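**Q** This is data-v7.cif, which holds mmCIF, C-alpha atoms and all ligand atoms:
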```cif
data_data
loop_
_atom_site.label_atom_id
_atom_site.label_comp_id
_atom_site.auth_asym_id
_atom_site.auth_seq_id
_atom_site.Cartn_x
_atom_site.Cartn_y
_atom_site.Cartn_z
CA MET A 1 -10.12 -4.15 -21.34
CA MET A 2 -11.86 -1.58 -19.17
CA LYS A 3 -11.74 2.11 -18.26
CA ALA A 4 -10.37 3.12 -14.86
CA ALA A 5 -9.70 6.49 -13.19
CA THR A 6 -6.11 6.29 -11.97
CA LEU A 7 -4.43 8.83 -9.70
CA THR A 8 -0.94 9.11 -11.19
CA ASP A 9 0.20 12.05 -9.05
CA ASP A 10 -1.44 14.66 -6.82
CA HIS A 11 -4.17 16.57 -8.65
CA THR A 12 -3.81 14.24 -11.64
CA VAL A 13 -6.49 11.76 -12.74
CA LYS A 14 -5.89 9.68 -15.86
CA ILE A 15 -8.78 7.86 -17.49
CA ASP A 16 -6.98 4.85 -18.93
CA ASP A 17 -7.81 1.65 -20.70
CA THR A 18 -6.43 -1.07 -18.48
CA GLU A 19 -6.61 -4.85 -18.28
CA ARG A 20 -9.95 -6.05 -16.92
CA PRO A 21 -9.10 -7.96 -13.71
CA VAL A 22 -9.75 -11.69 -13.48
CA PRO A 23 -11.40 -12.91 -10.26
CA ALA A 24 -9.34 -15.25 -8.04
CA PRO A 25 -11.06 -18.54 -7.02
CA HIS A 26 -12.90 -16.93 -4.06
CA GLU A 27 -13.61 -13.59 -5.77
CA LEU A 28 -16.28 -11.94 -7.90
CA LEU A 29 -15.79 -9.59 -10.83
CA ILE A 30 -18.24 -6.73 -10.33
CA GLU A 31 -19.43 -4.32 -12.99
CA ILE A 32 -19.48 -1.06 -11.00
CA ASN A 33 -22.74 0.80 -11.55
CA ALA A 34 -22.46 3.50 -8.87
CA CYS A 35 -19.66 4.81 -6.67
CA GLY A 36 -19.92 7.74 -4.26
CA VAL A 37 -17.02 10.20 -4.00
CA CYS A 38 -15.75 10.44 -0.41
CA THR A 39 -13.58 13.06 1.29
CA THR A 40 -10.97 10.31 1.60
CA ASP A 41 -10.83 10.10 -2.23
CA LEU A 42 -10.37 13.87 -2.30
CA HIS A 43 -7.49 13.65 0.23
CA MET A 44 -5.83 10.99 -1.95
CA TYR A 45 -6.29 13.26 -4.98
CA THR A 46 -4.85 16.37 -3.30
CA GLY A 47 -2.04 14.45 -1.62
CA SER A 48 -3.09 15.45 1.91
CA LEU A 49 -3.43 11.70 2.53
CA THR A 50 -0.25 9.90 1.48
CA VAL A 51 -0.82 7.03 -0.95
CA ASP A 52 1.44 5.29 -3.43
CA TYR A 53 0.58 6.49 -6.95
CA PRO A 54 -0.56 5.12 -9.32
CA MET A 55 -3.75 3.92 -7.66
CA VAL A 56 -7.47 3.68 -8.41
CA PRO A 57 -9.59 5.20 -5.59
CA GLY A 58 -13.36 4.69 -4.98
CA HIS A 59 -14.73 2.67 -2.03
CA GLU A 60 -18.47 3.40 -1.82
CA SER A 61 -19.83 1.23 -4.60
CA ALA A 62 -22.44 -1.19 -5.84
CA GLY A 63 -22.84 -3.18 -9.02
CA GLU A 64 -23.64 -6.40 -10.81
CA VAL A 65 -21.71 -9.67 -10.73
CA ALA A 66 -20.07 -10.03 -14.16
CA ALA A 67 -18.00 -13.18 -13.51
CA VAL A 68 -17.32 -15.54 -10.60
CA GLY A 69 -14.11 -17.26 -9.45
CA ASP A 70 -13.71 -21.02 -9.81
CA ASP A 71 -14.60 -21.80 -6.17
CA VAL A 72 -17.68 -19.56 -5.94
CA ASP A 73 -21.05 -21.31 -5.65
CA ALA A 74 -23.09 -18.76 -3.71
CA PHE A 75 -23.18 -16.05 -6.39
CA GLN A 76 -24.05 -16.01 -10.07
CA VAL A 77 -23.52 -13.65 -12.98
CA GLY A 78 -26.24 -11.00 -12.81
CA ASP A 79 -26.53 -10.88 -8.98
CA ARG A 80 -26.86 -7.33 -7.65
CA VAL A 81 -24.59 -6.41 -4.73
CA ALA A 82 -23.18 -3.62 -2.55
CA ILE A 83 -19.42 -3.75 -1.93
CA ASN A 84 -17.76 -3.48 1.49
CA PRO A 85 -14.24 -2.21 0.67
CA SER A 86 -12.60 -3.37 3.93
CA ILE A 87 -10.88 -6.76 3.78
CA PRO A 88 -9.85 -7.84 7.30
CA CYS A 89 -7.22 -10.52 7.93
CA ASN A 90 -9.70 -12.49 10.10
CA GLU A 91 -6.78 -13.82 12.14
CA CYS A 92 -5.68 -11.02 14.47
CA ARG A 93 -7.06 -10.33 17.94
CA ALA A 94 -9.20 -7.38 16.73
CA CYS A 95 -10.75 -9.44 13.93
CA LYS A 96 -11.47 -12.34 16.30
CA SER A 97 -13.31 -10.00 18.69
CA GLY A 98 -15.65 -8.77 15.93
CA ARG A 99 -13.83 -5.46 15.53
CA GLU A 100 -12.56 -6.07 12.00
CA ASN A 101 -12.31 -2.30 11.45
CA LEU A 102 -9.37 -2.32 13.87
CA CYS A 103 -7.59 -5.18 12.07
CA HIS A 104 -3.80 -5.00 12.30
CA ASP A 105 -3.44 -5.92 8.64
CA LEU A 106 -6.44 -4.27 6.98
CA THR A 107 -6.68 -4.12 3.18
CA SER A 108 -9.04 -1.70 1.45
CA ILE A 109 -10.48 -1.83 -2.04
CA GLY A 110 -9.75 1.79 -3.01
CA GLY A 111 -10.04 3.21 0.53
CA ALA A 112 -7.54 4.26 3.21
CA ALA A 113 -5.87 1.33 5.01
CA LYS A 114 -2.50 -0.27 5.64
CA ASN A 115 -2.80 -2.07 2.28
CA ILE A 116 -4.68 -0.49 -0.62
CA ILE A 117 -5.78 -2.33 -3.76
CA ASP A 118 -7.50 -0.85 -6.84
CA GLY A 119 -10.91 0.64 -6.12
CA ALA A 120 -14.24 1.22 -7.79
CA PHE A 121 -13.70 4.31 -9.95
CA ALA A 122 -13.42 1.79 -12.77
CA GLU A 123 -15.80 -0.15 -14.97
CA TYR A 124 -14.96 -3.36 -13.08
CA ALA A 125 -13.39 -4.43 -9.78
CA THR A 126 -12.64 -7.81 -8.19
CA VAL A 127 -13.98 -8.40 -4.68
CA PRO A 128 -13.79 -11.38 -2.25
CA ILE A 129 -17.22 -13.01 -1.75
CA GLY A 130 -17.14 -12.06 1.95
CA ASN A 131 -17.16 -8.39 0.96
CA VAL A 132 -20.52 -8.16 -0.78
CA GLU A 133 -24.14 -8.02 0.38
CA ARG A 134 -27.05 -8.79 -1.89
CA ILE A 135 -29.29 -5.76 -2.53
CA GLY A 136 -32.37 -7.30 -4.17
CA ASP A 137 -33.87 -4.70 -6.48
CA LEU A 138 -32.55 -1.67 -4.59
CA ASP A 139 -31.19 0.94 -7.02
CA TYR A 140 -27.38 1.05 -7.26
CA ARG A 141 -27.09 4.69 -6.18
CA THR A 142 -28.88 3.97 -2.90
CA ALA A 143 -26.93 0.72 -2.42
CA SER A 144 -23.62 2.59 -2.73
CA PHE A 145 -24.53 4.39 0.52
CA ALA A 146 -23.99 1.12 2.42
CA GLU A 147 -20.31 1.92 3.04
CA PRO A 148 -20.66 5.43 4.54
CA LEU A 149 -23.81 4.32 6.37
CA GLY A 150 -21.93 1.32 7.79
CA CYS A 151 -19.37 3.79 9.18
CA VAL A 152 -22.15 5.95 10.66
CA ILE A 153 -23.79 2.91 12.30
CA ASN A 154 -20.42 1.91 13.76
CA GLY A 155 -20.14 5.44 15.21
CA ILE A 156 -23.60 5.39 16.75
CA ASP A 157 -22.81 1.95 18.24
CA GLN A 158 -19.83 3.50 20.06
CA VAL A 159 -22.01 5.93 22.05
CA ASP A 160 -24.68 3.40 23.18
CA LEU A 161 -27.55 5.64 22.12
CA THR A 162 -30.75 5.09 24.13
CA SER A 163 -34.24 6.01 22.82
CA GLY A 164 -35.18 9.58 23.57
CA GLU A 165 -31.70 10.91 24.22
CA THR A 166 -30.63 14.38 23.15
CA VAL A 167 -27.94 14.43 20.46
CA VAL A 168 -25.92 17.25 18.89
CA VAL A 169 -24.21 16.79 15.54
CA ILE A 170 -21.43 19.27 14.78
CA GLY A 171 -20.94 19.68 11.04
CA GLY A 172 -23.62 19.39 8.35
CA GLY A 173 -21.57 18.07 5.43
CA PHE A 174 -22.54 14.75 3.86
CA ILE A 175 -21.54 12.65 6.88
CA GLY A 176 -23.22 15.04 9.34
CA GLN A 177 -26.45 14.79 7.33
CA LEU A 178 -26.24 11.01 7.16
CA LEU A 179 -25.67 10.97 10.94
CA VAL A 180 -28.79 13.10 11.47
CA GLN A 181 -30.92 10.72 9.40
CA THR A 182 -29.50 7.61 11.07
CA LEU A 183 -29.88 9.07 14.58
CA ARG A 184 -33.48 9.82 13.77
CA THR A 185 -34.16 6.25 12.70
CA SER A 186 -32.17 4.97 15.72
CA GLY A 187 -34.45 6.65 18.25
CA ALA A 188 -32.73 9.91 19.19
CA GLY A 189 -35.20 12.13 21.09
CA THR A 190 -33.98 15.57 20.10
CA ILE A 191 -31.41 16.24 17.38
CA VAL A 192 -29.54 19.54 17.05
CA LEU A 193 -27.30 20.30 14.06
CA SER A 194 -24.56 22.91 14.32
CA GLU A 195 -23.48 24.08 10.86
CA PRO A 196 -22.32 27.46 9.51
CA VAL A 197 -23.73 27.09 5.94
CA ALA A 198 -27.42 28.10 5.78
CA ALA A 199 -28.26 25.71 2.91
CA ARG A 200 -26.84 22.79 4.89
CA ARG A 201 -28.83 23.76 8.00
CA LYS A 202 -31.94 23.67 5.81
CA VAL A 203 -31.08 20.17 4.52
CA GLY A 204 -30.47 19.05 8.11
CA LEU A 205 -33.88 20.26 9.25
CA LYS A 206 -35.49 18.47 6.30
CA ALA A 207 -33.50 15.31 7.06
CA GLY A 208 -34.68 15.10 10.65
CA ALA A 209 -32.86 17.61 12.87
CA ASP A 210 -35.20 19.36 15.31
CA HIS A 211 -33.01 22.44 15.58
CA ALA A 212 -30.21 23.83 13.42
CA VAL A 213 -27.87 26.46 14.85
CA ASP A 214 -25.27 28.68 13.20
CA PRO A 215 -21.96 28.46 15.11
CA GLY A 216 -20.77 31.60 13.33
CA ASP A 217 -23.66 33.55 14.80
CA LYS A 218 -23.48 32.62 18.51
CA ASP A 219 -21.34 30.22 20.53
CA PRO A 220 -23.11 26.83 20.28
CA THR A 221 -21.98 25.88 23.81
CA ALA A 222 -24.12 28.78 25.07
CA VAL A 223 -27.06 28.50 22.65
CA ILE A 224 -27.65 24.73 22.55
CA PRO A 225 -28.10 24.14 26.33
CA ASP A 226 -30.67 26.98 26.31
CA LEU A 227 -32.54 25.19 23.52
CA VAL A 228 -32.45 21.58 24.73
CA GLY A 229 -30.88 21.39 28.22
CA ASP A 230 -28.33 18.65 28.94
CA VAL A 231 -26.84 16.94 25.91
CA ASP A 232 -26.43 13.16 26.15
CA VAL A 233 -24.41 12.63 22.98
CA ALA A 234 -22.32 15.10 20.96
CA ILE A 235 -20.94 13.92 17.63
CA GLU A 236 -18.12 15.80 15.98
CA ALA A 237 -18.26 15.29 12.20
CA VAL A 238 -15.72 17.89 11.08
CA GLY A 239 -12.31 16.86 12.42
CA PHE A 240 -11.13 20.09 14.09
CA PRO A 241 -9.68 20.17 17.62
CA GLU A 242 -11.85 23.25 18.41
CA THR A 243 -15.09 21.51 17.47
CA ILE A 244 -14.09 18.37 19.40
CA THR A 245 -13.57 20.56 22.47
CA GLN A 246 -16.91 22.21 21.76
CA ALA A 247 -18.67 18.83 21.50
CA HIS A 248 -17.24 17.68 24.83
CA ALA A 249 -18.17 20.99 26.51
CA LEU A 250 -21.77 20.49 25.37
CA THR A 251 -22.27 17.12 27.06
CA GLY A 252 -23.82 16.92 30.50
CA PRO A 253 -23.33 14.29 33.23
CA GLY A 254 -23.18 10.82 31.69
CA GLY A 255 -22.61 12.43 28.30
CA ARG A 256 -20.64 10.88 25.47
CA THR A 257 -18.58 12.67 22.83
CA LEU A 258 -17.88 10.88 19.57
CA VAL A 259 -14.89 11.84 17.43
CA PHE A 260 -16.20 10.97 13.95
CA GLY A 261 -14.56 13.59 11.72
CA VAL A 262 -10.95 12.85 10.77
CA PRO A 263 -8.68 15.09 12.89
CA PRO A 264 -5.13 16.04 11.85
CA GLU A 265 -2.74 13.33 13.06
CA ASP A 266 -0.74 15.72 15.27
CA ALA A 267 -3.68 17.62 16.82
CA THR A 268 -4.22 17.66 20.59
CA VAL A 269 -7.13 18.82 22.74
CA GLU A 270 -7.27 19.75 26.41
CA LEU A 271 -9.89 18.16 28.62
CA SER A 272 -10.60 17.94 32.32
CA PRO A 273 -10.07 14.41 33.67
CA PHE A 274 -12.05 15.47 36.75
CA ASP A 275 -15.16 15.90 34.54
CA LEU A 276 -14.65 12.40 33.13
CA PHE A 277 -14.39 11.09 36.70
CA PHE A 278 -17.02 13.10 38.54
CA GLU A 279 -19.65 13.21 35.78
CA GLU A 280 -18.82 9.92 34.07
CA ARG A 281 -18.44 11.69 30.75
CA GLU A 282 -16.77 9.82 27.91
CA VAL A 283 -14.84 10.71 24.77
CA VAL A 284 -14.80 7.91 22.20
CA GLY A 285 -13.69 7.46 18.62
CA SER A 286 -15.07 5.65 15.61
CA TYR A 287 -13.13 4.33 12.66
CA SER A 288 -14.50 2.85 9.47
CA LEU A 289 -16.99 -0.04 9.48
CA THR A 290 -17.30 -3.77 10.18
CA PRO A 291 -18.98 -6.56 8.19
CA ASN A 292 -21.76 -6.37 10.79
CA THR A 293 -22.44 -2.63 10.43
CA PHE A 294 -22.20 -2.92 6.62
CA SER A 295 -24.87 -5.61 6.62
CA ARG A 296 -27.13 -3.52 8.90
CA ALA A 297 -26.61 -0.53 6.59
CA VAL A 298 -27.91 -2.54 3.63
CA THR A 299 -30.99 -3.48 5.69
CA LEU A 300 -31.72 0.16 6.57
CA LEU A 301 -31.32 1.21 2.93
CA ASP A 302 -33.42 -1.70 1.69
CA ASN A 303 -36.26 -0.65 3.99
CA GLY A 304 -36.15 2.97 2.87
CA ARG A 305 -34.98 4.38 6.23
CA ILE A 306 -32.47 6.74 4.57
CA ASP A 307 -33.44 9.45 2.10
CA VAL A 308 -30.64 9.40 -0.44
CA ASP A 309 -32.27 11.95 -2.78
CA THR A 310 -31.74 14.91 -0.44
CA LEU A 311 -28.03 14.05 -0.07
CA VAL A 312 -26.96 13.47 -3.69
CA THR A 313 -26.34 16.84 -5.34
CA ASP A 314 -24.14 16.01 -8.34
CA GLU A 315 -23.73 13.03 -10.68
CA PHE A 316 -20.90 12.29 -13.11
CA GLY A 317 -19.45 9.79 -15.55
CA LEU A 318 -16.00 8.37 -14.82
CA GLU A 319 -14.34 10.95 -17.10
CA ASP A 320 -15.61 13.81 -14.89
CA LEU A 321 -14.21 12.56 -11.57
CA GLU A 322 -11.83 15.52 -11.50
CA THR A 323 -14.77 17.95 -11.73
CA ALA A 324 -16.30 16.22 -8.70
CA PHE A 325 -13.04 16.72 -6.77
CA ASP A 326 -12.90 20.40 -7.77
CA GLN A 327 -16.45 20.97 -6.51
CA MET A 328 -15.60 19.24 -3.22
CA GLU A 329 -12.52 21.41 -2.75
CA ALA A 330 -14.79 24.43 -3.24
CA GLN A 331 -17.26 22.92 -0.68
CA LYS A 332 -20.03 22.91 -3.28
CA GLY A 333 -22.97 20.55 -2.77
CA LEU A 334 -23.10 17.34 -0.71
CA LYS A 335 -22.70 13.83 -2.16
CA LYS A 336 -21.15 13.43 -5.62
CA MET A 337 -21.88 10.21 -7.47
CA VAL A 338 -19.88 8.60 -10.26
CA TYR A 339 -21.40 6.07 -12.67
CA PRO A 340 -18.46 4.23 -14.32
CA ASN A 341 -20.66 2.30 -16.75
CA ARG A 342 -23.04 5.07 -17.72
ZN ZN A 401 -15.59 7.00 2.49
ZN ZN A 402 -7.23 -8.79 11.44
#
```
Go ahead and express the file in the form of structure tokens.

**A**
Amino acid sequence: MMKAATLTDDHTVKIDDTERPVPAPHELLIEINACGVCTTDLHMYTGSLTVDYPMVPGHESAGEVAAVGDDVDAFQVGDRVAINPSIPCNECRACKSGRENLCHDLTSIGGAAKNIIDGAFAEYATVPIGNVERIGDLDYRTASFAEPLGCVINGIDQVDLTSGETVVVIGGGFIGQLLVQTLRTSGAGTIVLSEPVAARRKVGLKAGADHAVDPGDKDPTAVIPDLVGDVDVAIEAVGFPETITQAHALTGPGGRTLVFGVPPEDATVELSPFDLFFEEREVVGSYSLTPNTFSRAVTLLDNGRIDVDTLVTDEFGLEDLETAFDQMEAQKGLKKMVYPNR
């Protein structure tokens, strides 16, 4: 048996004893030692993202191999791994072009996808061998950042960042902060963070932003060009139509705007096609991660390129997952961690 945090209805988490899963021939049973709480988990909990209850969320995890399937030779009990929750079909056109995040038949271990299977807010989870990366002696909390960092790397890939370019990040929540750190290690020249909460601006400056502006104080589209001139890349990490418009307005000729925050499905924005034509400005999106960006994320974490300590603000056992959700709804803190086997 094992303990799992099951969403049985909106705003209802049940900590149940359930059957410990048995790995299929090509799978591993992982003892989950750390799992970050993501805004997606919160949306599943509040019902703003439609999922079929009951389900076990949690998709940012790392742990230790506790059992291996009959056909597994490459891993042994005791191996330490980070888990990539996205299981692509590997057969569709998107998968075959290396864009597994755009798979037509994507399955996620506890995350948002066409097919969802039980996630990592549990003492154990089963995972196909293609979905883990070895982490050496990296601590589990740091290793659990591989999933969100893999998404951030996928985003930065979309805008073809060149060394020395000027980048604006709109939104200093957890993802905005992780973007700032990753941009810094990816060679951005000047980084500006736009964020209304003073404490988050402070974290951003500590994490590597060169400037932090308050959009509630003055219009960022007026202030930021005065500070840094033309903006090459503007990344929207909030998910509001207004801030997407703002990001695009900030970019200069040749500029790229990245839609990284999750916008409402029915939202629209107005933009000038003449600007796209005459100034070769682009607006691109970024969704989830690929096996490639997940692997690169583990490498960055392994080499200490990301400072996890400044981003983790709260840590819980499995039984307190609901408290983590409540704090997130109140916009308190940054990353919440859950340790199912603590
Ligand atoms: Zn996530
Ligand atoms: Zn596919």

**Q** Write out as a VMD selection string which residues come within 8 Å of stretch 21-32 of chain A when counting only C-alpha atoms, dropping same-chain ones fewer than 3 positions away.

**A** chain A and resid 35 61 to 72 120 to 129 339 to 341

**Q** So, counting only C-alpha atoms, which residue among A:Glu195, A:Asp10, A:Glu147, A:Asp320 is closest to A:Ala82?

**A**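 Answer, going by the shortest atom-to-atom distance: A:Glu147.
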
**Q** Neighbours of A:Val262 within 10 Å (all atoms listed in the file; same-chain residues fewer than 5 positions away dropped), as a list in words?

**A**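 The residues that qualify are Thr39, Thr40, Glu236, Ala237, Val238, Gly239, Phe240, Gly285, Ser286 and Tyr287 of chain A.
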
**Q** Please provide as a PyMOL selection string all residues within 6 Å of A:Gly150, with the sequence filter that same-chain residues fewer than 5 positions apart are discarded (counting all atoms listed in the file).

**A** chain A and resi 289+293-294+297

**Q** With all atoms listed in the file as the basis for distance, which of A:Gln177, A:Asn115, A:Thr221, A:Thr299 is at the shortest distance from A:Ala199?

**A**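 Checking each candidate against A:Ala199, we get A:Gln177 as the closest.
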
**Q** If the limit is 12 Å from any atom of ligand ZN 401 (chain A), counting all atoms listed in the file, which residues qualify? Return them as a PyMOL selection string.

**A** chain A and resi 35-44+57-61+84-86+108-113+119-120+144-152+174-175+261-262+287-289+335-336

**Q** Using all atoms listed in the file, determine which residues fall within 12 Å of ligand ZN 402 (chain A), then list them as a PDB file with C-alpha atoms, in the coordinates of the input.

**A**
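Now in result_0.pdb:
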```
ATOM      1  CA  SER A  86     -12.600  -3.370   3.930  1.00  0.00           C
ATOM      2  CA  ILE A  87     -10.880  -6.760   3.780  1.00  0.00           C
ATOM      3  CA  PRO A  88      -9.850  -7.840   7.300  1.00  0.00           C
ATOM      4  CA  CYS A  89      -7.220 -10.520   7.930  1.00  0.00           C
ATOM      5  CA  ASN A  90      -9.700 -12.490  10.100  1.00  0.00           C
ATOM      6  CA  GLU A  91      -6.780 -13.820  12.140  1.00  0.00           C
ATOM      7  CA  CYS A  92      -5.680 -11.020  14.470  1.00  0.00           C
ATOM      8  CA  ARG A  93      -7.060 -10.330  17.940  1.00  0.00           C
ATOM      9  CA  ALA A  94      -9.200  -7.380  16.730  1.00  0.00           C
ATOM     10  CA  CYS A  95     -10.750  -9.440  13.930  1.00  0.00           C
ATOM     11  CA  LYS A  96     -11.470 -12.340  16.300  1.00  0.00           C
ATOM     12  CA  SER A  97     -13.310 -10.000  18.690  1.00  0.00           C
ATOM     13  CA  GLY A  98     -15.650  -8.770  15.930  1.00  0.00           C
ATOM     14  CA  ARG A  99     -13.830  -5.460  15.530  1.00  0.00           C
ATOM     15  CA  GLU A 100     -12.560  -6.070  12.000  1.00  0.00           C
ATOM     16  CA  ASN A 101     -12.310  -2.300  11.450  1.00  0.00           C
ATOM     17  CA  LEU A 102      -9.370  -2.320  13.870  1.00  0.00           C
ATOM     18  CA  CYS A 103      -7.590  -5.180  12.070  1.00  0.00           C
ATOM     19  CA  HIS A 104      -3.800  -5.000  12.300  1.00  0.00           C
ATOM     20  CA  ASP A 105      -3.440  -5.920   8.640  1.00  0.00           C
ATOM     21  CA  LEU A 106      -6.440  -4.270   6.980  1.00  0.00           C
ATOM     22  CA  THR A 107      -6.680  -4.120   3.180  1.00  0.00           C
ATOM     23  CA  LYS A 114      -2.500  -0.270   5.640  1.00  0.00           C
ATOM     24  CA  THR A 290     -17.300  -3.770  10.180  1.00  0.00           C
TER      25      THR A 290
END
```

**Q** Counting all atoms listed in the file, which residue out of A:Ala209, A:Ala247, A:Val192, A:Val77 sits closest to A:Asp226?

**A**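 Distance minimum relative to A:Asp226 lands on A:Val192.
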
**Q** Pick the closest to A:Pro54 from A:Val269, A:Val168, A:Ile15, A:Ile244: which is it, counting only C-alpha atoms?

**A**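 Of the candidates, the smallest distance to A:Pro54 is held by A:Ile15.
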
**Q** Here is a test: counting all atoms listed in the file, which residue of A:Lys202, A:His11, A:Lys3, A:Arg134 is nearest to A:Ala74?

**A** A:Arg134

**Q** Which value, in Å to one decimal, gives the distance between atom CA of A:Thr251 and atom CA of A:Val231?

**A**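 Distance between the two atoms: 4.7 Å.
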
**Q** I'd like to know which of A:His211, A:Lys332, A:Arg141, A:Arg296 is closest to A:Thr313, using all atoms listed in the file.

**A**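 Answer, going by the shortest atom-to-atom distance: A:Lys332.
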
**Q** Could you state the separation of atom CA of A:Leu271 and atom CA of A:Asp232 in Å, given to one decimal place?

**A**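 For atom CA of A:Leu271 relative to atom CA of A:Asp232, the distance reads 17.5 Å.
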
**Q** Near A:Thr162, counting all atoms listed in the file, which residues have an atom at most 9 Å away, once you skip same-chain residues fewer than 4 positions from it, shown as number ranges by chain?

**A** A: 186-189

**Q** Keeping C-alpha atoms, export the residues of the selection given above as a PDB file, keeping the file's coordinate frame.

**A**
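Output contents, as saved in again02.pdb:
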```pdb
ATOM      1  CA  SER A 186     -32.170   4.970  15.720  1.00  0.00           C
ATOM      2  CA  GLY A 187     -34.450   6.650  18.250  1.00  0.00           C
ATOM      3  CA  ALA A 188     -32.730   9.910  19.190  1.00  0.00           C
ATOM      4  CA  GLY A 189     -35.200  12.130  21.090  1.00  0.00           C
TER       5      GLY A 189
END
```

**Q** Grab the atom CA of A:Gly155 to atom CA of A:Leu205 distance for me, in Å with one decimal place.

**A**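 About the pair atom CA of A:Gly155 and atom CA of A:Leu205: they are 21.1 Å apart.
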
**Q** Fewer than 4 positions away in the same chain doesn't count, so skip those; otherwise give me all residues within 7 Å of A:Leu7, counting only C-alpha atoms, as number ranges by chain.

**A** A: 12-14, 45, 53-56

**Q** How big is the axis-aligned box, and where does its centre sit, when it encloses all atoms of stretch 256-274 of chain A listed in the file and has 8 Å added on every side, reported in Å to one decimal as AutoDock Vina command-line options?

**A**
```
--center_x -10.7 --center_y 15.3 --center_z 23.8 --size_x 35.9 --size_y 24.9 --size_z 42.0
```
